[in-house]
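**Q** Before I ask anything, here is the structure I am working with.
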2 protein chains.
Amino acid sequence: MSNLSVELEQAFQSAALRPTAQRYAVLEFLAGHPVHATAEEIFHAVNRSDPRASRATVYNNLRSLAKAGLVRELVSEGKAARFDANLHPHHHFLCENCGAVEDIPWFDLPSAVGRSALGERVVRRYEILFRGHCDRCRRPDGGPGLVKPDGNEGAVI
Amino acid sequence: MSNLSVELEQAFQSAALRPTAQRYAVLEFLAGHPVHATAEEIFHAVNRSDPRASRATVYNNLRSLAKAGLVRELVSEGKAARFDANLHPHHHFLCENCGAVEDIPWFDLPSAVGRSALGERVVRRYEILFRGHCDRCRRPDGGPGLVKPDGNEGAVI
DNA sequence: CGCTTAAGTTAGACACAGTCTATATTTAGA
DNA sequence: TCTAAATATAGACTGTGTCTAACTTAAGCG
């Protein structure tokens, strides 16, 4: 049995989720594809090989896996929800020009920051979404011009 | 002419957007309702009073207003997109128990933080999404117990 | 083992959010 | 006033996600 299988089964165990073939296939796909897959892509990927899963099952499993913290639903504005295996926490960057969603390595918010703004709330997790222009869109023609869409280039951080 | 009208017209002016009746109605509604309205709610609100607007127009205007920075599309995971008038920037808090979305007063990320993680990207804006339990859900029965869903209470920030 | 029961799976109908198209109207500016 | 470009419109259409009711499987127990 491969390392991955062991790892996944342990993850199920500790999350108290039954390791069904369909659920396993969903998690395995996400663990092996470090991209931000849509539910639809996952649905097709799973149904290409064996344990088949209906659309409802894929959604059910994504939800139960997300609840258990094994998978994360991406925060974004696109129409189709995207998911990734929640192995390493990270922030996200959304390119306003080409729409790409990129991972930003995790860094902590200094704990003093935001304390008072949050009041009595209990914060379990957080994530920062940056927007701007990715590496490829930074200078549209390789030229020295400014970024296209609305003209005002300038880092805010 | 009211203060608000003047303010809105100036906003259009500076954004180089034509102040059409429909566009005005959309922005006026958002400015007057500091909640996170869905496109559908805005559509209905606008069509209750005069300048009527078709569904497509509401969506078009929300997009053009968002592009101009007068309106902001909320980052979240629900199915229907939500918008607010972008008067004061703020972060968001999502209650994992009751689903409420709350505004968190704006605070800047210290500029040193994240610099290296972002590489060459040009960051225009950013927003932090916190998740956890809101004030009301913090102690389910008013009792001293822990938060329900998965048991492990504890602030991370 | 062989039951029992609760959790999970299924196909496909359904509901809803958002987009598109082709045409008509309005605005800004000359 | 006239023209070109921007914007508005109705409603059909697409894609994403949910629901239902019947069926299957996993886990615990005697």
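Letters for chains follow the order of the structure tokens (A, B, ...), residue numbers begin at 1 for each chain, and ligand numbers begin at 1 in the order shown.
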Residues of chain B within 12 Å of chain D, counting only C-alpha atoms (C1' of nucleotides), what are they? List them as an NGL selection string.
**A** :B and (16-23 or 51-61 or 64 or 78-80)
**Q** I need the chosen residues saved as a compact mmCIF listing (two decimals), in the first residue's frame, with N, CA and C atoms.
**A**
```
# COMPACT_ATOMS: atom_id res chain seq x y z
N ALA B 16 -16.01 58.45 -14.55
CA ALA B 16 -16.27 58.51 -15.98
C ALA B 16 -17.34 57.50 -16.38
N LEU B 17 -18.39 57.44 -15.57
CA LEU B 17 -19.51 56.56 -15.88
C LEU B 17 -20.73 57.45 -16.15
N ARG B 18 -21.46 57.11 -17.17
CA ARG B 18 -22.65 57.91 -17.46
C ARG B 18 -23.68 57.69 -16.34
N PRO B 19 -24.22 58.79 -15.85
CA PRO B 19 -25.17 58.69 -14.75
C PRO B 19 -26.56 58.35 -15.26
N THR B 20 -26.76 57.14 -15.70
CA THR B 20 -28.10 56.77 -16.16
C THR B 20 -29.00 56.54 -14.97
N ALA B 21 -30.29 56.60 -15.21
CA ALA B 21 -31.26 56.46 -14.13
C ALA B 21 -31.11 55.10 -13.45
N GLN B 22 -30.92 54.06 -14.25
CA GLN B 22 -30.82 52.70 -13.68
C GLN B 22 -29.57 52.55 -12.84
N ARG B 23 -28.47 53.06 -13.36
CA ARG B 23 -27.21 52.94 -12.65
C ARG B 23 -27.28 53.72 -11.33
N PRO B 51 -37.24 54.10 -11.71
CA PRO B 51 -36.56 53.66 -12.93
C PRO B 51 -36.38 52.16 -12.93
N ARG B 52 -37.12 51.49 -13.77
CA ARG B 52 -37.05 50.03 -13.85
C ARG B 52 -35.73 49.62 -14.47
N ALA B 53 -35.29 48.43 -14.12
CA ALA B 53 -34.07 47.93 -14.73
C ALA B 53 -34.21 46.43 -14.93
N SER B 54 -33.78 45.95 -16.05
CA SER B 54 -33.84 44.52 -16.31
C SER B 54 -32.73 43.84 -15.52
N ARG B 55 -32.86 42.55 -15.41
CA ARG B 55 -31.85 41.77 -14.70
C ARG B 55 -30.46 42.01 -15.28
N ALA B 56 -30.38 42.00 -16.59
CA ALA B 56 -29.07 42.18 -17.23
C ALA B 56 -28.47 43.53 -16.86
N THR B 57 -29.32 44.53 -16.81
CA THR B 57 -28.84 45.87 -16.48
C THR B 57 -28.28 45.93 -15.07
N VAL B 58 -28.99 45.28 -14.14
CA VAL B 58 -28.50 45.27 -12.77
C VAL B 58 -27.12 44.62 -12.73
N TYR B 59 -26.97 43.51 -13.39
CA TYR B 59 -25.68 42.84 -13.39
C TYR B 59 -24.62 43.69 -14.08
N ASN B 60 -24.98 44.27 -15.22
CA ASN B 60 -24.02 45.12 -15.92
C ASN B 60 -23.56 46.26 -15.03
N ASN B 61 -24.50 46.89 -14.36
CA ASN B 61 -24.16 48.04 -13.55
C ASN B 61 -23.34 47.64 -12.33
N SER B 64 -19.91 47.31 -13.68
CA SER B 64 -19.21 48.55 -14.02
C SER B 64 -18.92 49.37 -12.76
N GLY B 78 -21.01 31.61 -0.32
CA GLY B 78 -22.42 31.36 -0.58
C GLY B 78 -22.64 31.27 -2.07
N LYS B 79 -23.83 30.95 -2.49
CA LYS B 79 -24.03 30.80 -3.92
C LYS B 79 -24.28 32.14 -4.60
N ALA B 80 -25.05 33.01 -3.98
CA ALA B 80 -25.36 34.28 -4.63
C ALA B 80 -24.34 35.34 -4.23
```
**Q** Would you tabulate, counting only C-alpha atoms (C1' of nucleotides), all residues of chain C that have an atom at most 10 Å from an atom of chain B, showing the closest pair of atoms and their distance in Å to one decimal, sorted by chain then ascending number, as a tab-separated table?
**A**
```
residue	atom	partner	partner_atom	distance
C:DC16	C1'	B:Ala80	CA	8.9
C:DA17	C1'	B:Ala80	CA	6.5
C:DG18	C1'	B:Tyr59	CA	8.1
C:DT19	C1'	B:Ala56	CA	8.2
C:DC20	C1'	B:Ala56	CA	9.4
C:DT26	C1'	B:Thr20	CA	8.5
C:DT27	C1'	B:Arg18	CA	7.4
C:DA28	C1'	B:Arg18	CA	9.0
```
**Q** Find the residues in chain B near chain A: any atom within 8 Å counts, using only C-alpha atoms. Write them as a ChimeraX atom specification.
**A** /B:73-77,81,104-107,109-115,117-118,120-135,138,153-157
**Q** Include C-alpha atoms and write out the residues we just selected as a compact mmCIF listing (two decimals), in the first residue's frame.
**A**
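Wrote it out as again32.txt, contents follow:
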```txt
# COMPACT_ATOMS: atom_id res chain seq x y z
CA GLU B 73 -18.33 42.35 -4.66
CA LEU B 74 -18.04 40.39 -1.48
CA VAL B 75 -15.71 37.50 -1.20
CA SER B 76 -17.55 34.54 0.20
CA GLU B 77 -18.70 31.04 -0.42
CA ALA B 81 -22.84 37.08 -4.95
CA ILE B 104 -14.58 44.16 10.43
CA PRO B 105 -13.22 47.71 10.58
CA TRP B 106 -10.31 48.20 8.25
CA PHE B 107 -6.74 47.90 9.45
CA LEU B 109 -1.39 44.84 6.97
CA PRO B 110 2.04 45.95 8.17
CA SER B 111 3.83 46.57 4.93
CA ALA B 112 6.75 44.31 5.73
CA VAL B 113 4.47 41.33 6.15
CA GLY B 114 4.01 39.29 3.03
CA ARG B 115 6.37 41.34 0.91
CA ALA B 117 5.70 35.97 -0.28
CA LEU B 118 4.15 38.08 -3.01
CA GLU B 120 6.89 40.47 -8.30
CA ARG B 121 3.13 40.74 -8.29
CA VAL B 122 1.51 44.15 -8.23
CA VAL B 123 -0.99 44.25 -5.39
CA ARG B 124 -3.81 46.74 -5.80
CA ARG B 125 -5.99 45.76 -2.90
CA TYR B 126 -6.45 43.01 -0.43
CA GLU B 127 -8.94 41.81 2.07
CA ILE B 128 -8.86 39.46 5.00
CA LEU B 129 -11.56 36.89 5.58
CA PHE B 130 -11.78 35.64 9.13
CA ARG B 131 -13.78 32.59 10.07
CA GLY B 132 -14.93 31.41 13.42
CA HIS B 133 -17.84 32.12 15.72
CA CYS B 134 -19.58 35.40 16.06
CA ASP B 135 -20.60 36.99 19.31
CA ARG B 138 -19.70 31.98 20.85
CA GLU B 153 -12.27 26.42 20.56
CA GLY B 154 -9.38 28.82 20.59
CA ALA B 155 -8.46 32.10 19.05
CA VAL B 156 -5.73 31.93 16.46
CA ILE B 157 -4.95 35.60 16.48
```
**Q** Mind checking DSSP for stretch 44-125 of chain B and telling me the alpha helix (DSSP H) residues as a list in words?
**A**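 The alpha helix (DSSP H) subset of stretch 44-125 of chain B is His44, Ala45, Val46, Asn47, Arg48, Arg55, Ala56, Thr57, Val58, Tyr59, Asn60, Asn61, Leu62, Arg63, Ser64, Leu65, Ala66, Lys67, Arg115, Ser116, Ala117 and Leu118 of chain B.
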**Q** Quick one: write out the picked residues with C-alpha atoms as a CSV table (one decimal), in the first residue's frame?
**A**
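Listed below is the output, selection-v3.csv:
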```csv
chain,number,residue,atom,x,y,z
B,44,HIS,CA,-36.2,43.7,-6.8
B,45,ALA,CA,-35.6,46.8,-4.8
B,46,VAL,CA,-34.9,48.8,-8.0
B,47,ASN,CA,-38.0,47.5,-9.6
B,48,ARG,CA,-40.3,48.4,-6.7
B,55,ARG,CA,-31.9,41.8,-14.7
B,56,ALA,CA,-29.1,42.2,-17.2
B,57,THR,CA,-28.8,45.9,-16.5
B,58,VAL,CA,-28.5,45.3,-12.8
B,59,TYR,CA,-25.7,42.8,-13.4
B,60,ASN,CA,-24.0,45.1,-15.9
B,61,ASN,CA,-24.2,48.0,-13.5
B,62,LEU,CA,-22.9,46.1,-10.6
B,63,ARG,CA,-20.0,45.1,-12.7
B,64,SER,CA,-19.2,48.6,-14.0
B,65,LEU,CA,-19.6,50.1,-10.6
B,66,ALA,CA,-17.3,47.4,-9.1
B,67,LYS,CA,-14.8,48.1,-11.8
B,115,ARG,CA,6.4,41.3,0.9
B,116,SER,CA,8.6,38.4,0.0
B,117,ALA,CA,5.7,36.0,-0.3
B,118,LEU,CA,4.1,38.1,-3.0
```
